[in-house]
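Reproduced below: final26.cif, with mmCIF, C-alpha atoms and all ligand atoms.
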```cif
data_start
loop_
_atom_site.label_atom_id
_atom_site.label_comp_id
_atom_site.auth_asym_id
_atom_site.auth_seq_id
_atom_site.Cartn_x
_atom_site.Cartn_y
_atom_site.Cartn_z
CA MET A 4 115.64 188.35 5.23
CA PHE A 5 116.06 184.98 6.91
CA ALA A 6 119.78 185.61 7.62
CA GLN A 7 118.88 188.95 9.22
CA ALA A 8 116.32 187.35 11.54
CA THR A 9 118.85 184.70 12.57
CA ALA A 10 121.49 187.34 13.30
CA LEU A 11 119.08 189.03 15.74
CA GLN A 12 118.72 185.89 17.87
CA PRO A 13 120.62 186.33 21.16
CA ALA A 14 123.60 183.99 21.30
CA LEU A 15 123.46 181.48 24.13
CA PRO A 16 126.66 180.42 25.88
CA GLN A 17 127.71 176.76 25.59
CA ASN A 18 127.96 176.37 29.36
CA LEU A 19 124.63 177.74 30.62
CA PRO A 20 125.09 176.79 34.31
CA GLY A 21 128.51 178.49 34.28
CA ALA A 22 127.15 181.63 32.60
CA ILE A 23 124.23 181.74 35.06
CA ALA A 24 126.63 181.46 38.01
CA ALA A 25 128.72 184.36 36.64
CA LEU A 26 125.63 186.56 36.14
CA LYS A 27 124.39 185.71 39.62
CA GLN A 28 127.64 186.96 41.11
CA GLU A 29 127.68 190.08 38.94
CA LEU A 30 124.09 191.01 39.93
CA ASN A 31 124.21 189.76 43.53
CA ALA A 32 121.27 187.55 42.59
CA VAL A 33 119.71 184.52 44.26
CA ILE A 34 117.83 181.77 42.43
CA LEU A 35 114.78 180.42 44.29
CA ALA A 36 113.15 177.36 42.72
CA HIS A 37 110.00 175.39 43.42
CA TYR A 38 110.13 171.58 43.53
CA TYR A 39 108.02 171.44 40.36
CA GLN A 40 110.72 173.05 38.23
CA ASP A 41 112.59 171.04 35.65
CA PRO A 42 115.53 169.15 37.29
CA SER A 43 118.03 171.21 35.26
CA ILE A 44 116.75 174.35 37.01
CA GLN A 45 116.57 172.73 40.45
CA ASP A 46 120.25 171.81 40.04
CA ILE A 47 121.40 175.44 39.63
CA ALA A 48 119.10 176.92 42.32
CA ASP A 49 120.42 178.42 45.57
CA PHE A 50 117.29 177.31 47.40
CA ILE A 51 114.56 174.81 46.50
CA GLY A 52 111.37 174.74 48.51
CA ASP A 53 107.61 174.64 48.81
CA SER A 54 105.54 177.83 48.62
CA LEU A 55 105.90 178.58 52.34
CA ALA A 56 109.66 178.10 52.51
CA LEU A 57 110.15 180.08 49.30
CA SER A 58 108.09 182.97 50.70
CA ARG A 59 110.24 183.00 53.82
CA GLN A 60 113.42 182.94 51.75
CA ALA A 61 112.15 185.76 49.52
CA ALA A 62 111.25 187.89 52.54
CA ALA A 63 114.64 187.41 54.19
CA THR A 64 117.09 187.48 51.30
CA GLN A 65 119.87 190.09 51.19
CA ALA A 66 120.35 189.58 47.45
CA ASP A 67 119.60 192.54 45.16
CA VAL A 68 117.93 190.35 42.55
CA ILE A 69 115.59 187.40 43.10
CA LEU A 70 115.31 185.12 40.08
CA PHE A 71 112.15 183.17 40.85
CA ALA A 72 112.03 179.81 39.11
CA GLY A 73 108.38 179.05 39.71
CA VAL A 74 105.04 180.48 38.61
CA HIS A 75 103.75 184.05 38.54
CA PHE A 76 101.93 184.13 41.91
CA MET A 77 105.14 182.91 43.61
CA ALA A 78 107.32 185.62 42.04
CA GLU A 79 104.62 188.18 42.78
CA THR A 80 104.61 187.06 46.43
CA ALA A 81 108.38 187.57 46.56
CA LYS A 82 107.92 191.14 45.29
CA ILE A 83 105.12 191.81 47.77
CA LEU A 84 107.28 190.62 50.67
CA ASN A 85 110.54 192.24 49.58
CA PRO A 86 109.71 195.23 47.34
CA SER A 87 113.16 196.82 47.24
CA ARG A 88 114.53 193.78 45.34
CA THR A 89 114.31 193.24 41.61
CA VAL A 90 112.21 190.09 41.08
CA LEU A 91 112.62 188.27 37.77
CA LEU A 92 110.41 185.47 36.42
CA PRO A 93 112.02 183.64 33.47
CA ASP A 94 108.71 183.41 31.59
CA LEU A 95 105.88 185.82 32.44
CA ALA A 96 103.37 183.38 30.91
CA ALA A 97 104.12 180.91 33.74
CA GLY A 98 100.75 181.33 35.42
CA CYS A 99 98.69 178.87 37.47
CA SER A 100 95.46 177.16 36.46
CA LEU A 101 94.25 177.33 40.07
CA ALA A 102 94.92 181.06 40.43
CA ASP A 103 93.13 181.55 37.09
CA THR A 104 89.96 179.93 38.49
CA CYS A 105 89.56 182.95 40.78
CA PRO A 106 89.20 186.20 38.78
CA PRO A 107 89.35 189.20 41.16
CA ALA A 108 86.03 190.81 40.07
CA GLU A 109 84.09 187.56 40.52
CA PHE A 110 85.80 186.92 43.81
CA ALA A 111 84.87 190.41 45.03
CA ALA A 112 81.20 189.69 44.23
CA PHE A 113 81.37 186.29 45.97
CA LYS A 114 83.03 187.78 49.05
CA ALA A 115 80.35 190.49 49.26
CA ARG A 116 77.78 187.73 49.86
CA TYR A 117 79.60 186.77 53.09
CA PRO A 118 80.30 190.04 54.93
CA GLU A 119 80.74 188.30 58.31
CA HIS A 120 83.28 185.79 57.04
CA LEU A 121 87.03 185.84 57.57
CA VAL A 122 88.65 185.35 54.16
CA ILE A 123 91.53 182.87 54.09
CA SER A 124 93.14 182.49 50.67
CA TYR A 125 95.58 179.88 49.49
CA ILE A 126 98.76 181.56 48.25
CA ASN A 127 98.01 180.24 44.73
CA CYS A 128 96.06 183.39 43.78
CA SER A 129 96.69 186.81 42.27
CA ALA A 130 97.85 189.87 44.24
CA GLU A 131 94.34 191.31 43.72
CA VAL A 132 92.72 188.30 45.43
CA LYS A 133 95.34 188.41 48.21
CA ALA A 134 94.48 192.08 48.72
CA MET A 135 90.84 191.06 49.34
CA SER A 136 91.85 188.42 51.89
CA ASP A 137 92.37 188.56 55.65
CA ILE A 138 94.99 185.81 55.88
CA ILE A 139 96.99 183.86 53.30
CA CYS A 140 97.94 180.21 53.77
CA THR A 141 99.93 177.58 51.91
CA SER A 142 99.42 173.84 51.74
CA ALA A 143 102.00 173.52 54.55
CA ASN A 144 100.17 175.68 57.10
CA ALA A 145 96.49 175.85 55.99
CA ALA A 146 95.11 173.59 58.73
CA ARG A 147 97.27 175.26 61.40
CA ILE A 148 96.02 178.70 60.40
CA VAL A 149 92.34 177.71 60.17
CA ALA A 150 92.61 176.07 63.61
CA GLN A 151 93.68 179.44 65.10
CA VAL A 152 90.51 181.24 63.98
CA PRO A 153 87.99 181.67 66.83
CA ALA A 154 85.30 178.97 66.58
CA ASP A 155 82.44 181.47 66.26
CA ARG A 156 83.98 183.28 63.27
CA PRO A 157 82.73 181.94 59.91
CA ILE A 158 85.40 181.38 57.25
CA LEU A 159 85.43 181.78 53.49
CA PHE A 160 88.26 179.75 51.92
CA ALA A 161 89.57 180.36 48.39
CA PRO A 162 90.49 179.40 45.75
CA ASP A 163 91.17 175.62 46.04
CA ARG A 164 88.10 173.59 46.95
CA ASN A 165 90.14 170.38 47.35
CA LEU A 166 92.55 171.90 49.86
CA GLY A 167 89.54 173.57 51.50
CA ARG A 168 87.72 170.26 51.91
CA TYR A 169 90.86 168.61 53.26
CA VAL A 170 91.34 171.41 55.82
CA MET A 171 87.68 171.10 56.85
CA ALA A 172 88.21 167.41 57.53
CA GLN A 173 91.44 168.12 59.43
CA THR A 174 90.09 170.89 61.63
CA GLY A 175 86.39 170.02 61.89
CA ARG A 176 85.61 173.59 60.75
CA ASP A 177 82.87 174.27 58.26
CA MET A 178 83.94 176.77 55.59
CA VAL A 179 82.41 178.41 52.54
CA LEU A 180 84.57 177.29 49.60
CA TRP A 181 85.34 179.08 46.36
CA PRO A 182 85.01 176.35 43.68
CA GLY A 183 88.55 176.48 42.21
CA SER A 184 90.98 173.67 41.47
CA CYS A 185 94.32 172.81 39.83
CA LEU A 186 94.23 171.06 36.47
CA VAL A 187 97.37 169.02 37.27
CA HIS A 188 96.16 167.69 40.63
CA GLU A 189 92.66 166.93 39.35
CA THR A 190 94.04 164.78 36.57
CA PHE A 191 95.17 161.83 38.69
CA SER A 192 93.14 158.70 38.16
CA GLU A 193 91.66 157.06 41.27
CA LYS A 194 91.27 153.81 39.35
CA LYS A 195 94.94 153.70 38.33
CA ILE A 196 96.12 154.57 41.85
CA VAL A 197 94.05 151.73 43.30
CA GLN A 198 95.55 149.40 40.67
CA LEU A 199 99.07 150.58 41.59
CA LYS A 200 98.35 149.91 45.27
CA VAL A 201 97.30 146.36 44.40
CA ASN A 202 100.44 145.84 42.27
CA HIS A 203 102.77 147.39 44.88
CA PRO A 204 101.44 146.50 48.33
CA GLU A 205 104.79 147.51 49.85
CA ALA A 206 104.40 151.11 48.67
CA ALA A 207 102.91 154.03 50.61
CA VAL A 208 100.62 156.42 48.70
CA ILE A 209 101.56 160.06 49.33
CA ALA A 210 99.52 162.94 47.91
CA HIS A 211 99.31 166.72 47.74
CA PRO A 212 96.08 168.15 49.26
CA GLU A 213 95.18 169.80 45.94
CA CYS A 214 94.12 166.31 44.73
CA GLU A 215 90.44 165.40 44.69
CA GLU A 216 88.85 163.78 47.74
CA THR A 217 88.36 160.51 45.80
CA VAL A 218 92.16 160.31 45.37
CA LEU A 219 93.10 161.62 48.84
CA ARG A 220 91.11 158.87 50.54
CA HIS A 221 93.64 156.32 49.23
CA ALA A 222 96.62 158.24 50.60
CA ASP A 223 98.71 157.06 53.56
CA PHE A 224 100.12 160.56 53.90
CA ILE A 225 98.94 163.99 52.66
CA GLY A 226 101.12 167.09 52.70
CA SER A 227 102.82 169.99 50.97
CA THR A 228 105.64 169.23 48.55
CA LYS A 229 108.21 169.69 51.32
CA ALA A 230 106.24 167.44 53.68
CA LEU A 231 106.01 164.74 50.98
CA LEU A 232 109.76 164.96 50.42
CA SER A 233 110.48 164.62 54.16
CA TYR A 234 108.07 161.67 54.40
CA VAL A 235 109.99 159.78 51.70
CA GLU A 236 113.35 160.71 53.24
CA THR A 237 112.48 159.49 56.72
CA GLY A 238 109.83 156.84 55.99
CA ASP A 239 110.45 153.14 56.50
CA ARG A 240 108.64 151.93 53.36
CA PRO A 241 110.79 150.78 50.42
CA ALA A 242 108.50 152.37 47.79
CA TYR A 243 106.21 155.42 47.39
CA ILE A 244 103.40 156.14 44.94
CA VAL A 245 103.75 159.92 44.51
CA VAL A 246 100.53 161.76 43.70
CA THR A 247 101.67 165.26 42.80
CA GLU A 248 103.61 167.06 40.07
CA ALA A 249 106.48 164.88 38.84
CA GLY A 250 109.22 167.52 39.38
CA ILE A 251 109.36 166.62 43.09
CA LEU A 252 110.72 163.16 42.20
CA HIS A 253 114.12 164.72 41.44
CA GLN A 254 114.73 165.82 45.05
CA MET A 255 113.10 162.67 46.43
CA GLN A 256 115.48 160.47 44.46
CA LYS A 257 118.46 162.53 45.65
CA ALA A 258 117.32 162.45 49.28
CA ALA A 259 116.45 158.73 49.29
CA PRO A 260 118.38 156.99 46.50
CA ASP A 261 117.60 153.52 47.85
CA LYS A 262 113.80 154.04 47.73
CA ARG A 263 111.58 153.31 44.74
CA LEU A 264 109.40 156.17 43.53
CA ILE A 265 106.33 155.47 41.44
CA PRO A 266 104.76 158.58 39.87
CA ALA A 267 100.96 158.36 40.00
CA PRO A 268 99.54 158.19 36.49
CA PRO A 269 97.11 160.73 35.10
CA THR A 270 93.83 159.67 33.47
CA ASN A 271 95.29 159.80 29.95
CA HIS A 272 98.59 158.80 28.36
CA CYS A 273 99.91 162.33 28.57
CA ALA A 274 102.52 164.18 30.59
CA CYS A 275 99.68 165.80 32.56
CA ASN A 276 101.42 165.15 35.87
CA GLU A 277 103.84 167.90 34.83
CA CYS A 278 102.56 171.43 35.43
CA PRO A 279 102.56 173.12 32.00
CA TYR A 280 103.07 176.53 33.62
CA MET A 281 106.01 175.53 35.83
CA ARG A 282 107.61 173.85 32.83
CA LEU A 283 107.58 177.06 30.77
CA ASN A 284 110.75 178.05 32.63
CA THR A 285 113.92 176.67 31.08
CA LEU A 286 117.63 177.03 31.78
CA GLU A 287 117.91 179.21 28.66
CA LYS A 288 115.19 181.55 29.94
CA VAL A 289 116.84 181.72 33.38
CA TYR A 290 120.06 182.82 31.69
CA LEU A 291 118.28 185.38 29.48
CA ALA A 292 116.30 186.80 32.40
CA LEU A 293 119.50 187.42 34.38
CA ARG A 294 121.35 188.76 31.34
CA ASP A 295 118.56 191.18 30.34
CA ARG A 296 117.17 191.84 33.88
CA GLN A 297 113.70 191.00 32.64
CA PRO A 298 110.88 189.94 32.69
CA GLU A 299 110.51 191.80 35.96
CA ILE A 300 107.56 191.66 38.37
CA VAL A 301 106.13 195.15 38.87
CA LEU A 302 103.29 196.01 41.26
CA SER A 303 101.60 199.27 42.22
CA GLU A 304 102.40 200.22 45.84
CA PRO A 305 98.74 200.36 47.02
CA LEU A 306 98.11 196.84 45.66
CA ARG A 307 101.39 195.54 47.08
CA LEU A 308 100.60 196.92 50.54
CA ALA A 309 97.07 195.50 50.53
CA ALA A 310 98.40 192.07 49.51
CA TRP A 311 101.29 192.26 52.00
CA ARG A 312 99.08 192.51 55.12
CA PRO A 313 97.46 189.04 54.84
CA LEU A 314 100.84 187.54 53.87
CA GLU A 315 102.48 189.06 56.94
CA ARG A 316 99.66 187.64 59.05
CA MET A 317 100.38 184.20 57.61
CA LEU A 318 104.09 184.45 58.38
CA ALA A 319 103.31 185.53 61.93
CA MET A 320 100.81 182.69 62.44
CA SER A 321 102.85 179.79 61.00
P1 LIG A 401 103.33 173.70 47.79
O1 LIG A 401 102.58 174.51 48.79
O2 LIG A 401 103.49 172.29 48.24
O3 LIG A 401 104.59 174.35 47.38
O4 LIG A 401 102.41 173.59 46.47
C1 LIG A 401 102.34 174.61 45.56
C2 LIG A 401 101.61 174.23 44.36
O5 LIG A 401 101.48 175.00 43.43
C3 LIG A 401 101.00 172.94 44.30
O6 LIG A 401 100.40 172.75 43.07
FE1 LIG A 402 99.15 175.98 39.77
FE2 LIG A 402 98.57 173.41 39.69
FE3 LIG A 402 100.79 174.27 38.52
FE4 LIG A 402 100.60 174.22 41.21
S1 LIG A 402 100.61 172.47 39.81
S2 LIG A 402 101.38 175.89 39.96
S3 LIG A 402 98.42 174.74 41.48
S4 LIG A 402 98.68 174.78 37.93
#
```
Please render this file's structure as structure tokens.
Amino acid sequence: MFAQATALQPALPQNLPGAIAALKQELNAVILAHYYQDPSIQDIADFIGDSLALSRQAAATQADVILFAGVHFMAETAKILNPSRTVLLPDLAAGCSLADTCPPAEFAAFKARYPEHLVISYINCSAEVKAMSDIICTSANAARIVAQVPADRPILFAPDRNLGRYVMAQTGRDMVLWPGSCLVHETFSEKKIVQLKVNHPEAAVIAHPECEETVLRHADFIGSTKALLSYVETGDRPAYIVVTEAGILHQMQKAAPDKRLIPAPPTNHCACNECPYMRLNTLEKVYLALRDRQPEIVLSEPLRLAAWRPLERMLAMS
């Protein structure tokens, strides 16, 4: 019985990066990876980026297959933008705690209370929520997009209240906020960051806008993952306290090997500054997804079209 079960296990090649490269060529596939992926995945990706850059890559790629090393809403966005491609996500359970805070039925009821409002949704949401939105934004372009909305048009912003508050402060616009948040970015301890600042006065604090306001007020720079990476690369400080998911440190260290990177600590002694959803993807699962051409992202055409419109608006506005 046991021997039979073992025999059914798919055999994995010794050289996974080599086997992945061969499958990529065979399928005419491209691997897009977010900065929060495990370094082993970042190292075999064709393109690494933040949500905005990855969306642009997905929309423009000529590859037949997009292997999306990220979370579900990112792979779903790739399918919405480029429906004739096969989009694979190594682990379908790679969701997003922030997207999960905004169930479509509850969002529909909330939106109905604000019929005059323009709905701007952060890309970290389901296709159903995108379909109920007027414009999508990412952390890289949220303030720019909100600033383009006529001043007399009220705005409903979903689902991240922390990004929403940050954008309100940046633009001076009042907005109705859906009360969602990310469990990784809300775990950073203000107390420990202040202590780190005291211990490392030479370091700049850099943070992702999904962090709470109490943490953001200690930041010297706030931006999307790509913006944080560029800040470290071009900045003149010798050290950086990095307040976002720890996967980004891999590219930061490569881009600026002479700079010291200090990951901001979470409230507990856990690995909570790693996104548990992003980290569900592994090199083994990337290989298996390409080998078996699954798990594949599938969307109904009416839903895809409804979610595509606000995404197209974002790409045109940013
Ligand atoms: P970026 O927009 O910086 O890629 O952030 C995505 C994300 O999921 C942050 O938690
Ligand atoms: Fe979602 Fe947070 Fe993970 Fe980003 S870090 S994918 S917002 S759970």
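Distances to ligand LIG 401 (chain A) were evaluated for A:Thr228, A:Gln60, A:Ser43, A:Ser136 using all atoms listed in the file, and the minimum falls at A:Thr228.
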Return as JSON the box centre and box size in Å, one decimal, for an axis-aligned box around all listed atoms of ligand LIG 401 (chain A) padded by 4 Å per side.
```
{"center_x": 102.5, "center_y": 173.6, "center_z": 45.9, "size_x": 12.2, "size_y": 10.7, "size_z": 13.7}
```
Quick one: residues within 9 Å of segment 232-246 of chain A, all atoms listed in the file counted, chain neighbours fewer than 5 positions away excluded, as a PDB file with C-alpha atoms, in the frame of the given file?
```pdb
ATOM      1  CA  HIS A 188      96.160 167.690  40.630  1.00  0.00           C
ATOM      2  CA  PHE A 191      95.170 161.830  38.690  1.00  0.00           C
ATOM      3  CA  ILE A 196      96.120 154.570  41.850  1.00  0.00           C
ATOM      4  CA  LEU A 199      99.070 150.580  41.590  1.00  0.00           C
ATOM      5  CA  LYS A 200      98.350 149.910  45.270  1.00  0.00           C
ATOM      6  CA  HIS A 203     102.770 147.390  44.880  1.00  0.00           C
ATOM      7  CA  GLU A 205     104.790 147.510  49.850  1.00  0.00           C
ATOM      8  CA  ALA A 206     104.400 151.110  48.670  1.00  0.00           C
ATOM      9  CA  ALA A 207     102.910 154.030  50.610  1.00  0.00           C
ATOM     10  CA  VAL A 208     100.620 156.420  48.700  1.00  0.00           C
ATOM     11  CA  ILE A 209     101.560 160.060  49.330  1.00  0.00           C
ATOM     12  CA  ALA A 210      99.520 162.940  47.910  1.00  0.00           C
ATOM     13  CA  HIS A 211      99.310 166.720  47.740  1.00  0.00           C
ATOM     14  CA  CYS A 214      94.120 166.310  44.730  1.00  0.00           C
ATOM     15  CA  VAL A 218      92.160 160.310  45.370  1.00  0.00           C
ATOM     16  CA  ALA A 222      96.620 158.240  50.600  1.00  0.00           C
ATOM     17  CA  PHE A 224     100.120 160.560  53.900  1.00  0.00           C
ATOM     18  CA  GLY A 226     101.120 167.090  52.700  1.00  0.00           C
ATOM     19  CA  SER A 227     102.820 169.990  50.970  1.00  0.00           C
ATOM     20  CA  ILE A 251     109.360 166.620  43.090  1.00  0.00           C
ATOM     21  CA  LEU A 252     110.720 163.160  42.200  1.00  0.00           C
ATOM     22  CA  GLN A 254     114.730 165.820  45.050  1.00  0.00           C
ATOM     23  CA  MET A 255     113.100 162.670  46.430  1.00  0.00           C
ATOM     24  CA  ALA A 258     117.320 162.450  49.280  1.00  0.00           C
ATOM     25  CA  ALA A 259     116.450 158.730  49.290  1.00  0.00           C
ATOM     26  CA  ASP A 261     117.600 153.520  47.850  1.00  0.00           C
ATOM     27  CA  LYS A 262     113.800 154.040  47.730  1.00  0.00           C
ATOM     28  CA  ARG A 263     111.580 153.310  44.740  1.00  0.00           C
ATOM     29  CA  LEU A 264     109.400 156.170  43.530  1.00  0.00           C
ATOM     30  CA  ILE A 265     106.330 155.470  41.440  1.00  0.00           C
ATOM     31  CA  PRO A 266     104.760 158.580  39.870  1.00  0.00           C
ATOM     32  CA  ALA A 267     100.960 158.360  40.000  1.00  0.00           C
ATOM     33  CA  PRO A 268      99.540 158.190  36.490  1.00  0.00           C
ATOM     34  CA  ASN A 276     101.420 165.150  35.870  1.00  0.00           C
TER      35      ASN A 276
END
```
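Candidate residues A:Gly73, A:Pro279, A:Pro157, A:Pro16 were compared for distance to Ile34 of chain A, and the nearest is A:Gly73, using only C-alpha atoms.
Between Lys82 of chain A and the candidates A:Ile300, A:Leu95, A:Glu277, A:Pro106, the tightest atom-to-atom separation, counting all atoms listed in the file, involves A:Ile300.
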Leaving out segment 164-172 of chain A and any residue of its chain fewer than 3 positions from it, which residues lie within 8 Å of it when counting all atoms listed in the file, given as a PDB file with C-alpha atoms, keeping the file's coordinate frame?
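Wrote it out as around.pdb, contents follow:
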```pdb
ATOM      1  CA  SER A 142      99.420 173.840  51.740  1.00  0.00           C
ATOM      2  CA  ALA A 145      96.490 175.850  55.990  1.00  0.00           C
ATOM      3  CA  ALA A 146      95.110 173.590  58.730  1.00  0.00           C
ATOM      4  CA  VAL A 149      92.340 177.710  60.170  1.00  0.00           C
ATOM      5  CA  PHE A 160      88.260 179.750  51.920  1.00  0.00           C
ATOM      6  CA  ALA A 161      89.570 180.360  48.390  1.00  0.00           C
ATOM      7  CA  GLY A 175      86.390 170.020  61.890  1.00  0.00           C
ATOM      8  CA  ARG A 176      85.610 173.590  60.750  1.00  0.00           C
ATOM      9  CA  ASP A 177      82.870 174.270  58.260  1.00  0.00           C
ATOM     10  CA  MET A 178      83.940 176.770  55.590  1.00  0.00           C
ATOM     11  CA  LEU A 180      84.570 177.290  49.600  1.00  0.00           C
ATOM     12  CA  TRP A 181      85.340 179.080  46.360  1.00  0.00           C
ATOM     13  CA  PRO A 182      85.010 176.350  43.680  1.00  0.00           C
ATOM     14  CA  GLY A 183      88.550 176.480  42.210  1.00  0.00           C
ATOM     15  CA  SER A 184      90.980 173.670  41.470  1.00  0.00           C
ATOM     16  CA  PRO A 212      96.080 168.150  49.260  1.00  0.00           C
ATOM     17  CA  GLU A 213      95.180 169.800  45.940  1.00  0.00           C
ATOM     18  CA  CYS A 214      94.120 166.310  44.730  1.00  0.00           C
ATOM     19  CA  GLU A 215      90.440 165.400  44.690  1.00  0.00           C
ATOM     20  CA  GLU A 216      88.850 163.780  47.740  1.00  0.00           C
TER      21      GLU A 216
END
```
Select the residues contacting ligand LIG 401 (chain A) at a distance of at most 9 Å, based on only C-alpha atoms and all ligand atoms, then format the selection as a count of residues only. 38
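Considering all atoms listed in the file, the residue among A:Gly250, A:Pro93, A:Pro20, A:Pro204 positioned nearest to ligand LIG 402 (chain A) is A:Gly250.
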Which residue gives the smallest distance to Val197 of chain A among A:Ala102, A:Pro153, A:Asp41, A:Arg220, with all atoms listed in the file counted? A:Arg220
